Amino acid sequence: MLGVRDADALEAVLVRARQKWHYDADADLAGLAAAYGFGLATAHPFNDGNKRIALLTMAVFLGLNGKALDATEPELVQVITALAAGSLKEPQLAAWVRDHMVRLSL
């Protein structure tokens, strides 16, 4: 696939969020969004744009579930950069998403 550096890593990220939903009794939207974001930002499945894809995937997932992130662009950049650098872990990302998640207004 063009642009995909590691198809197995990409598949693992996508399956992992579904596994959390089915087998983690504490799974919620923020945790699932964080699973997608963390996996994509840290597994680097694409040749380029992994941080952007991670953020966009979280936003689309939340949007499909009637939610949105209420954060400024600098906040989003700071969070996704910290995530990719390894200084922000998945549980911390989930907590951040929970704190910044709002109902999507149409």
# chains A, B, ... in the order shown; residues from 1 in each chain; ligands from 1
call {"tool": "residues_around", "arguments": {"residues": "range 96-106 of chain A", "least_positions_apart": "2", "cutoff": "9 Å", "atoms": "only C-alpha atoms", "output": "ChimeraX atom specification"}}
result
/A:29-31,33-34,62-63,65-71,79,91-94
call {"tool": "select_by_dssp", "arguments": {"residues": "range 47-88 of chain A", "states": "alpha helix (DSSP H)", "output": "list in words"}}
result
Asn50, Lys51, Arg52, Ile53, Ala54, Leu55, Leu56, Thr57, Met58, Ala59, Val60, Phe61, Leu62, Gly63, Leu64, Glu73, Pro74, Glu75, Leu76, Val77, Gln78, Val79, Ile80, Thr81, Ala82, Leu83, Ala84 and Ala85 of chain A
call {"tool": "residues_around", "arguments": {"residues": "Ile80 in chain A", "least_positions_apart": "3", "cutoff": "9 Å", "atoms": "only C-alpha atoms", "output": "list in words"}}
result
Gly37, Phe38, Ala41, Lys51, Arg52, Ala54, Leu55, Glu75, Leu76, Val77, Leu83, Ala84, Ala85 and Leu88 of chain A
call {"tool": "write_last_selection", "arguments": {"atoms": "C-alpha atoms", "output": "PDB file, in the first residue's frame"}}
result
ATOM      1  CA  GLY A  37      -4.521   7.794  18.855  1.00  0.00           C
ATOM      2  CA  PHE A  38      -1.846   6.148  20.975  1.00  0.00           C
ATOM      3  CA  ALA A  41       1.171   7.887  17.016  1.00  0.00           C
ATOM      4  CA  LYS A  51       0.708  12.253  14.354  1.00  0.00           C
ATOM      5  CA  ARG A  52      -1.803  13.916  12.032  1.00  0.00           C
ATOM      6  CA  ALA A  54      -3.596   9.760  15.001  1.00  0.00           C
ATOM      7  CA  LEU A  55      -5.312  13.045  15.835  1.00  0.00           C
ATOM      8  CA  GLU A  75      -3.302  22.168  22.881  1.00  0.00           C
ATOM      9  CA  LEU A  76      -3.828  19.518  20.217  1.00  0.00           C
ATOM     10  CA  VAL A  77      -0.282  19.963  18.905  1.00  0.00           C
ATOM     11  CA  LEU A  83       2.201  11.256  22.695  1.00  0.00           C
ATOM     12  CA  ALA A  84       4.546  10.590  19.791  1.00  0.00           C
ATOM     13  CA  ALA A  85       7.580  11.454  21.944  1.00  0.00           C
ATOM     14  CA  LEU A  88       2.247  10.972  27.313  1.00  0.00           C
TER      15      LEU A  88
END
call {"tool": "residues_around", "arguments": {"residues": "Leu14 in chain A", "least_positions_apart": "2", "cutoff": "9 Å", "atoms": "only C-alpha atoms", "output": "list of chain:residue names"}}
result
A:Ala9, A:Leu10, A:Glu11, A:Ala12, A:Arg16, A:Ala17, A:Arg18, A:Ala35, A:Tyr36, A:Gly39, A:Leu40
